[in-house]
Amino acid sequence: MIEASSLSKQYGDMYALSDVSFTCREGEIFGIIGHNGAGKTTLLKILSGLILPSSGSLVIGNLDLISDPMQVRSQIGYLPEESRLYETMLVPDYLSFFGEIYGLDKTTIRARADLLLAQLSLQPEEKRIGNLSKGMKRKVAIARSLIHDPSILIYDEPGSGLDPMTTRFIIEYLKQLRMQGKTIILSAHNLAQVEEICDHVMILKRGKVIVYGTMPELREQFGSIRYEIWYIYPENQTPEIAAELNGNLWMSVAHSIEELNIMTGTITTNGGTVERIESRYPSLEEILVKIGK
Ligand SMILES: Nc1ncnc2c1ncn2[C@@H]1O[C@H](COP(=O)(O)OP(=O)(O)OP(=O)(O)O)[C@@H](O)[C@H]1O
């Protein structure tokens, strides 16, 4: 469990983070979203022990990050938004190098590296890192974050700038890691992916938490359900209510059950036949737009 209480980070007079508190349970994927400059990277760097907060506390497992940073760091795998890889190294040597930094023995490093290369479909044996594609480099950075088998993964934009196939691969891999019991905290601009994989989502705005919860909780707080009524109308007749024609079906939107009842009543009274009614929930994107910059 990760427990952040009133974390703030100040640069001069500016607060990159202000009074951020949340709880992340073991084995879940926790998504942090927000517009550019909202404070996501700053928070992820604090969580990974790279920078210290100006105030507040952060307890990871039973350890306090501020008083026991080395111990906490050994449990964390951090994937920065842009990783600097050693371009002239071969991937297995690169992973061995980081395994040694974490104090692992050669046999363990070899076994872990082989497993990670297989899981990530990386067979770049003979290529230097500098000659790999962008997607492969991202996978190497992910392998590096996992070489010491950490229980917590802090990933900054894991799929950014990658083609859809590689992004999909990484999303599926993150789901596998969750099944293995890893706790993952990630930031992402691709909100559809956040909706797909995150158990909890936190929205930051100018360094402050606007809301955090499950997707249904966020929808309840920030968006309202709407109903799409799909119907057939007598030929050459136009509905009395706002509607758009899609093929041979008209579609009108109701924003409450009361409105839905009134609209379906009007449609049937005027000779229309309702084919189906679909509930539409706001997407994370609509919620973020509503919250604004
Ligand atoms: N070392 C620093 N010195 C001064 N200001 C900083 C520093 N690091 C971050 N900031 C500022 O803190 C704010 C939050 O930045 P941060 O990088 O955490 O945002 P972000 O949500 O990750 O943005 P993006 O989506 O663009 O990556 C920004 O205004 C940024 O300019």
# chains A, B, ... in the order shown; residues from 1 in each chain; ligands from 1
call {"tool": "select_by_dssp", "arguments": {"residues": "stretch 101-187 of chain A", "states": "helix (DSSP H, G or I)", "output": "ChimeraX atom specification"}}
result
/A:101,106-119,129-131,134-146,164-179
call {"tool": "write_last_selection", "arguments": {"atoms": "C-alpha atoms", "output": "JSON list (two decimals), in the first residue's frame"}}
result
[["chain", "number", "residue", "atom", "x", "y", "z"],
["A", 101, "ILE", "CA", 23.95, -1.90, -9.50],
["A", 106, "LYS", "CA", 25.20, -13.07, -12.21],
["A", 107, "THR", "CA", 22.96, -16.16, -12.31],
["A", 108, "THR", "CA", 19.92, -14.19, -11.12],
["A", 109, "ILE", "CA", 20.64, -11.38, -13.57],
["A", 110, "ARG", "CA", 20.95, -13.82, -16.48],
["A", 111, "ALA", "CA", 17.70, -15.60, -15.58],
["A", 112, "ARG", "CA", 15.77, -12.33, -15.10],
["A", 113, "ALA", "CA", 17.17, -10.76, -18.27],
["A", 114, "ASP", "CA", 16.29, -13.84, -20.35],
["A", 115, "LEU", "CA", 12.77, -13.89, -18.94],
["A", 116, "LEU", "CA", 12.22, -10.16, -19.54],
["A", 117, "LEU", "CA", 13.62, -10.30, -23.07],
["A", 118, "ALA", "CA", 11.25, -13.17, -23.87],
["A", 119, "GLN", "CA", 8.21, -11.54, -22.22],
["A", 129, "ILE", "CA", 20.87, 0.02, -28.16],
["A", 130, "GLY", "CA", 21.47, 3.11, -30.32],
["A", 131, "ASN", "CA", 20.44, 1.10, -33.40],
["A", 134, "LYS", "CA", 11.94, 3.67, -30.66],
["A", 135, "GLY", "CA", 9.50, 0.93, -29.58],
["A", 136, "MET", "CA", 12.33, -1.50, -28.81],
["A", 137, "LYS", "CA", 14.17, 1.18, -26.84],
["A", 138, "ARG", "CA", 11.02, 1.72, -24.75],
["A", 139, "LYS", "CA", 10.81, -2.01, -24.11],
["A", 140, "VAL", "CA", 14.49, -2.04, -23.06],
["A", 141, "ALA", "CA", 13.72, 0.78, -20.60],
["A", 142, "ILE", "CA", 10.80, -1.27, -19.26],
["A", 143, "ALA", "CA", 13.05, -4.35, -18.91],
["A", 144, "ARG", "CA", 15.55, -2.22, -17.03],
["A", 145, "SER", "CA", 12.83, -1.02, -14.63],
["A", 146, "LEU", "CA", 12.02, -4.68, -13.86],
["A", 164, "PRO", "CA", -0.42, 1.61, -31.89],
["A", 165, "MET", "CA", 0.88, -1.99, -32.03],
["A", 166, "THR", "CA", 3.72, -1.34, -29.59],
["A", 167, "THR", "CA", 1.46, 0.72, -27.31],
["A", 168, "ARG", "CA", -1.07, -2.13, -27.28],
["A", 169, "PHE", "CA", 1.73, -4.60, -26.49],
["A", 170, "ILE", "CA", 2.82, -2.47, -23.53],
["A", 171, "ILE", "CA", -0.76, -2.07, -22.25],
["A", 172, "GLU", "CA", -1.24, -5.84, -22.36],
["A", 173, "TYR", "CA", 2.13, -6.33, -20.65],
["A", 174, "LEU", "CA", 1.09, -3.96, -17.85],
["A", 175, "LYS", "CA", -2.05, -6.06, -17.33],
["A", 176, "GLN", "CA", 0.17, -9.16, -17.04],
["A", 177, "LEU", "CA", 2.38, -7.40, -14.49],
["A", 178, "ARG", "CA", -0.71, -6.55, -12.44],
["A", 179, "MET", "CA", -1.69, -10.23, -12.55]]
call {"tool": "residues_around", "arguments": {"residues": "A:Val274", "least_positions_apart": "4", "cutoff": "9 Å", "atoms": "only C-alpha atoms", "output": "JSON, numbers by chain"}}
result
{"A": [229, 230, 231, 232, 233, 264, 267, 268]}
call {"tool": "residues_near_ligand", "arguments": {"ligand": "ligand 1", "cutoff": "9 Å", "atoms": "only C-alpha atoms and all ligand atoms", "output": "PyMOL selection string"}}
result
chain A and resi 9-12+14-17+32-45+81+156-157+187-189+204-207
call {"tool": "write_last_selection", "arguments": {"atoms": "N, CA and C atoms", "output": "tab-separated table (two decimals), in the first residue's frame"}}
result
chain	number	residue	atom	x	y	z
A	9	LYS	N	5.40	20.20	-3.50
A	9	LYS	CA	6.74	20.44	-4.04
A	9	LYS	C	6.77	21.87	-4.56
A	10	GLN	N	7.71	22.62	-4.02
A	10	GLN	CA	7.79	24.03	-4.33
A	10	GLN	C	9.07	24.32	-5.11
A	11	TYR	N	8.97	25.06	-6.19
A	11	TYR	CA	10.15	25.56	-6.90
A	11	TYR	C	10.07	27.07	-6.82
A	12	GLY	N	10.91	27.69	-6.01
A	12	GLY	CA	10.80	29.14	-5.81
A	12	GLY	C	9.44	29.44	-5.22
A	14	MET	N	6.67	28.90	-6.85
A	14	MET	CA	5.66	28.11	-7.56
A	14	MET	C	5.50	26.70	-6.94
A	15	TYR	N	4.25	26.32	-6.78
A	15	TYR	CA	3.98	24.97	-6.28
A	15	TYR	C	3.71	24.04	-7.46
A	16	ALA	N	4.65	23.12	-7.73
A	16	ALA	CA	4.41	22.12	-8.78
A	16	ALA	C	3.40	21.10	-8.28
A	17	LEU	N	3.40	20.89	-6.96
A	17	LEU	CA	2.41	20.00	-6.31
A	17	LEU	C	1.97	20.68	-5.03
A	32	ILE	N	-2.50	8.51	-13.15
A	32	ILE	CA	-2.48	9.95	-12.83
A	32	ILE	C	-2.60	10.71	-14.14
A	33	ILE	N	-3.63	11.52	-14.24
A	33	ILE	CA	-3.80	12.27	-15.48
A	33	ILE	C	-3.94	13.76	-15.17
A	34	GLY	N	-3.82	14.55	-16.22
A	34	GLY	CA	-3.94	16.00	-16.07
A	34	GLY	C	-3.30	16.65	-17.28
A	35	HIS	N	-3.61	17.92	-17.47
A	35	HIS	CA	-3.06	18.62	-18.63
A	35	HIS	C	-1.55	18.82	-18.46
A	36	ASN	N	-0.89	19.30	-19.50
A	36	ASN	CA	0.55	19.56	-19.43
A	36	ASN	C	0.83	20.50	-18.24
A	37	GLY	N	1.87	20.16	-17.50
A	37	GLY	CA	2.27	21.01	-16.38
A	37	GLY	C	1.42	20.82	-15.13
A	38	ALA	N	0.55	19.81	-15.11
A	38	ALA	CA	-0.33	19.61	-13.95
A	38	ALA	C	0.43	19.09	-12.73
A	39	GLY	N	1.62	18.51	-12.95
A	39	GLY	CA	2.42	18.03	-11.82
A	39	GLY	C	2.60	16.51	-11.80
A	40	LYS	N	2.24	15.85	-12.88
A	40	LYS	CA	2.29	14.37	-12.92
A	40	LYS	C	3.73	13.87	-12.75
A	41	THR	N	4.64	14.39	-13.59
A	41	THR	CA	6.03	13.92	-13.53
A	41	THR	C	6.64	14.24	-12.17
A	42	THR	N	6.34	15.41	-11.64
A	42	THR	CA	6.87	15.78	-10.33
A	42	THR	C	6.42	14.75	-9.28
A	43	LEU	N	5.14	14.38	-9.32
A	43	LEU	CA	4.63	13.40	-8.36
A	43	LEU	C	5.29	12.04	-8.56
A	44	LEU	N	5.45	11.62	-9.82
A	44	LEU	CA	6.05	10.31	-10.08
A	44	LEU	C	7.52	10.29	-9.63
A	45	LYS	N	8.20	11.41	-9.81
A	45	LYS	CA	9.60	11.48	-9.36
A	45	LYS	C	9.68	11.39	-7.84
A	81	GLU	N	9.78	9.46	-18.44
A	81	GLU	CA	9.09	9.78	-19.69
A	81	GLU	C	10.03	9.56	-20.87
A	156	ASP	N	6.15	6.72	-16.18
A	156	ASP	CA	5.76	8.03	-16.72
A	156	ASP	C	5.49	7.87	-18.21
A	157	GLU	N	4.26	7.97	-18.63
A	157	GLU	CA	3.87	7.88	-20.03
A	157	GLU	C	4.46	6.63	-20.72
A	187	SER	N	1.40	7.60	-15.45
A	187	SER	CA	0.75	8.79	-16.00
A	187	SER	C	0.58	8.53	-17.49
A	188	ALA	N	-0.44	9.11	-18.08
A	188	ALA	CA	-0.65	8.92	-19.51
A	188	ALA	C	-1.53	10.03	-20.05
A	189	HIS	N	-1.28	10.36	-21.31
A	189	HIS	CA	-2.16	11.33	-21.98
A	189	HIS	C	-3.24	10.61	-22.77
A	204	LEU	N	-5.05	15.55	-11.69
A	204	LEU	CA	-4.33	16.69	-11.12
A	204	LEU	C	-4.60	17.92	-11.97
A	205	LYS	N	-4.72	19.04	-11.30
A	205	LYS	CA	-4.85	20.31	-12.02
A	205	LYS	C	-4.01	21.34	-11.29
A	206	ARG	N	-3.05	21.90	-11.99
A	206	ARG	CA	-2.11	22.87	-11.39
A	206	ARG	C	-1.60	22.41	-10.03
A	207	GLY	N	-1.17	21.14	-9.98
A	207	GLY	CA	-0.53	20.61	-8.78
A	207	GLY	C	-1.48	20.13	-7.70
call {"tool": "residues_around", "arguments": {"residues": "A:Glu3", "least_positions_apart": "5", "cutoff": "10 Å", "atoms": "only C-alpha atoms", "output": "PyMOL selection string"}}
result
chain A and resi 21-25+57-62+64
call {"tool": "write_last_selection", "arguments": {"atoms": "C-alpha atoms", "output": "PDB file, in the first residue's frame"}}
result
ATOM      1  CA  SER A  21      -2.980  12.971  -0.695  1.00  0.00           C
ATOM      2  CA  PHE A  22      -4.069   9.555  -1.932  1.00  0.00           C
ATOM      3  CA  THR A  23      -3.916   5.854  -1.216  1.00  0.00           C
ATOM      4  CA  CYS A  24      -2.880   3.234  -3.760  1.00  0.00           C
ATOM      5  CA  ARG A  25      -3.622  -0.378  -2.907  1.00  0.00           C
ATOM      6  CA  SER A  57       4.771  12.283   3.952  1.00  0.00           C
ATOM      7  CA  LEU A  58       4.930   9.184   1.811  1.00  0.00           C
ATOM      8  CA  VAL A  59       4.720   5.683   3.224  1.00  0.00           C
ATOM      9  CA  ILE A  60       5.355   2.759   0.891  1.00  0.00           C
ATOM     10  CA  GLY A  61       4.626  -0.633   2.446  1.00  0.00           C
ATOM     11  CA  ASN A  62       5.913  -0.149   5.984  1.00  0.00           C
ATOM     12  CA  ASP A  64       8.790   5.960   5.082  1.00  0.00           C
TER      13      ASP A  64
END
call {"tool": "residues_around", "arguments": {"residues": "A:Pro150", "least_positions_apart": "3", "cutoff": "6 Å", "atoms": "only C-alpha atoms", "output": "VMD selection string"}}
result
chain A and resid 75 to 77
call {"tool": "residues_around", "arguments": {"residues": "A:Asp68", "least_positions_apart": "5", "cutoff": "10 Å", "atoms": "only C-alpha atoms", "output": "tab-separated table (two decimals) with C-alpha atoms, in the first residue's frame"}}
result
chain	number	residue	atom	x	y	z
A	49	GLY	CA	12.49	8.61	-4.63
A	59	VAL	CA	4.72	5.68	3.22
A	63	LEU	CA	8.67	2.21	4.95
A	73	ARG	CA	14.04	2.63	-3.93
call {"tool": "atom_distance", "arguments": {"atom1": "atom CA of A:Phe30", "atom2": "atom CA of A:Met202"}}
result
7.6 Å
call {"tool": "residues_around", "arguments": {"residues": "A:Glu195", "least_positions_apart": "2", "cutoff": "10 Å", "atoms": "only C-alpha atoms", "output": "list in words"}}
result
Gly31, Asn190, Leu191, Ala192, Gln193, Ile197, Cys198, Asp199, His200, Val201, Thr214, Met215, Ser283, Leu284 and Glu285 of chain A
call {"tool": "select_by_dssp", "arguments": {"residues": "stretch 25-228 of chain A", "states": "strand (DSSP E)", "output": "JSON, numbers by chain"}}
result
{"A": [29, 30, 31, 32, 33, 55, 56, 57, 58, 59, 60, 63, 64, 76, 77, 78, 79, 152, 153, 154, 155, 156, 183, 184, 185, 186, 187, 200, 201, 202, 203, 204, 205, 208, 209, 210, 211, 212, 213, 226, 227, 228]}
call {"tool": "write_last_selection", "arguments": {"atoms": "C-alpha atoms", "output": "CSV table (one decimal), in the first residue's frame"}}
result
chain,number,residue,atom,x,y,z
A,29,ILE,CA,-3.0,0.1,-11.6
A,30,PHE,CA,-3.3,3.7,-10.5
A,31,GLY,CA,-3.5,6.3,-13.2
A,32,ILE,CA,-2.5,9.9,-12.8
A,33,ILE,CA,-3.8,12.3,-15.5
A,55,SER,CA,6.6,18.9,2.7
A,56,GLY,CA,4.2,16.0,3.4
A,57,SER,CA,4.8,12.3,4.0
A,58,LEU,CA,4.9,9.2,1.8
A,59,VAL,CA,4.7,5.7,3.2
A,60,ILE,CA,5.4,2.8,0.9
A,63,LEU,CA,8.7,2.2,4.9
A,64,ASP,CA,8.8,6.0,5.1
A,76,ILE,CA,10.6,0.5,-7.0
A,77,GLY,CA,11.0,0.3,-10.8
A,78,TYR,CA,10.9,3.7,-12.4
A,79,LEU,CA,10.3,4.4,-16.1
A,152,ILE,CA,6.0,-1.2,-7.4
A,153,LEU,CA,6.3,0.3,-10.8
A,154,ILE,CA,6.2,4.0,-11.4
A,155,TYR,CA,5.8,4.6,-15.1
A,156,ASP,CA,5.8,8.0,-16.7
A,183,THR,CA,1.4,-2.3,-8.1
A,184,ILE,CA,1.6,0.2,-11.0
A,185,ILE,CA,1.3,3.9,-10.8
A,186,LEU,CA,1.4,5.5,-14.3
A,187,SER,CA,0.8,8.8,-16.0
A,200,HIS,CA,-8.2,4.1,-9.8
A,201,VAL,CA,-7.7,7.4,-11.5
A,202,MET,CA,-6.5,10.7,-10.1
A,203,ILE,CA,-6.9,14.0,-11.9
A,204,LEU,CA,-4.3,16.7,-11.1
A,205,LYS,CA,-4.9,20.3,-12.0
A,208,LYS,CA,-3.7,19.9,-6.9
A,209,VAL,CA,-5.9,16.8,-6.7
A,210,ILE,CA,-9.2,17.5,-8.3
A,211,VAL,CA,-10.6,14.1,-7.8
A,212,TYR,CA,-9.6,10.5,-7.4
A,213,GLY,CA,-11.5,7.3,-7.5
A,226,ARG,CA,-27.4,10.6,-21.1
A,227,TYR,CA,-29.7,8.4,-23.1
A,228,GLU,CA,-29.7,8.0,-26.9
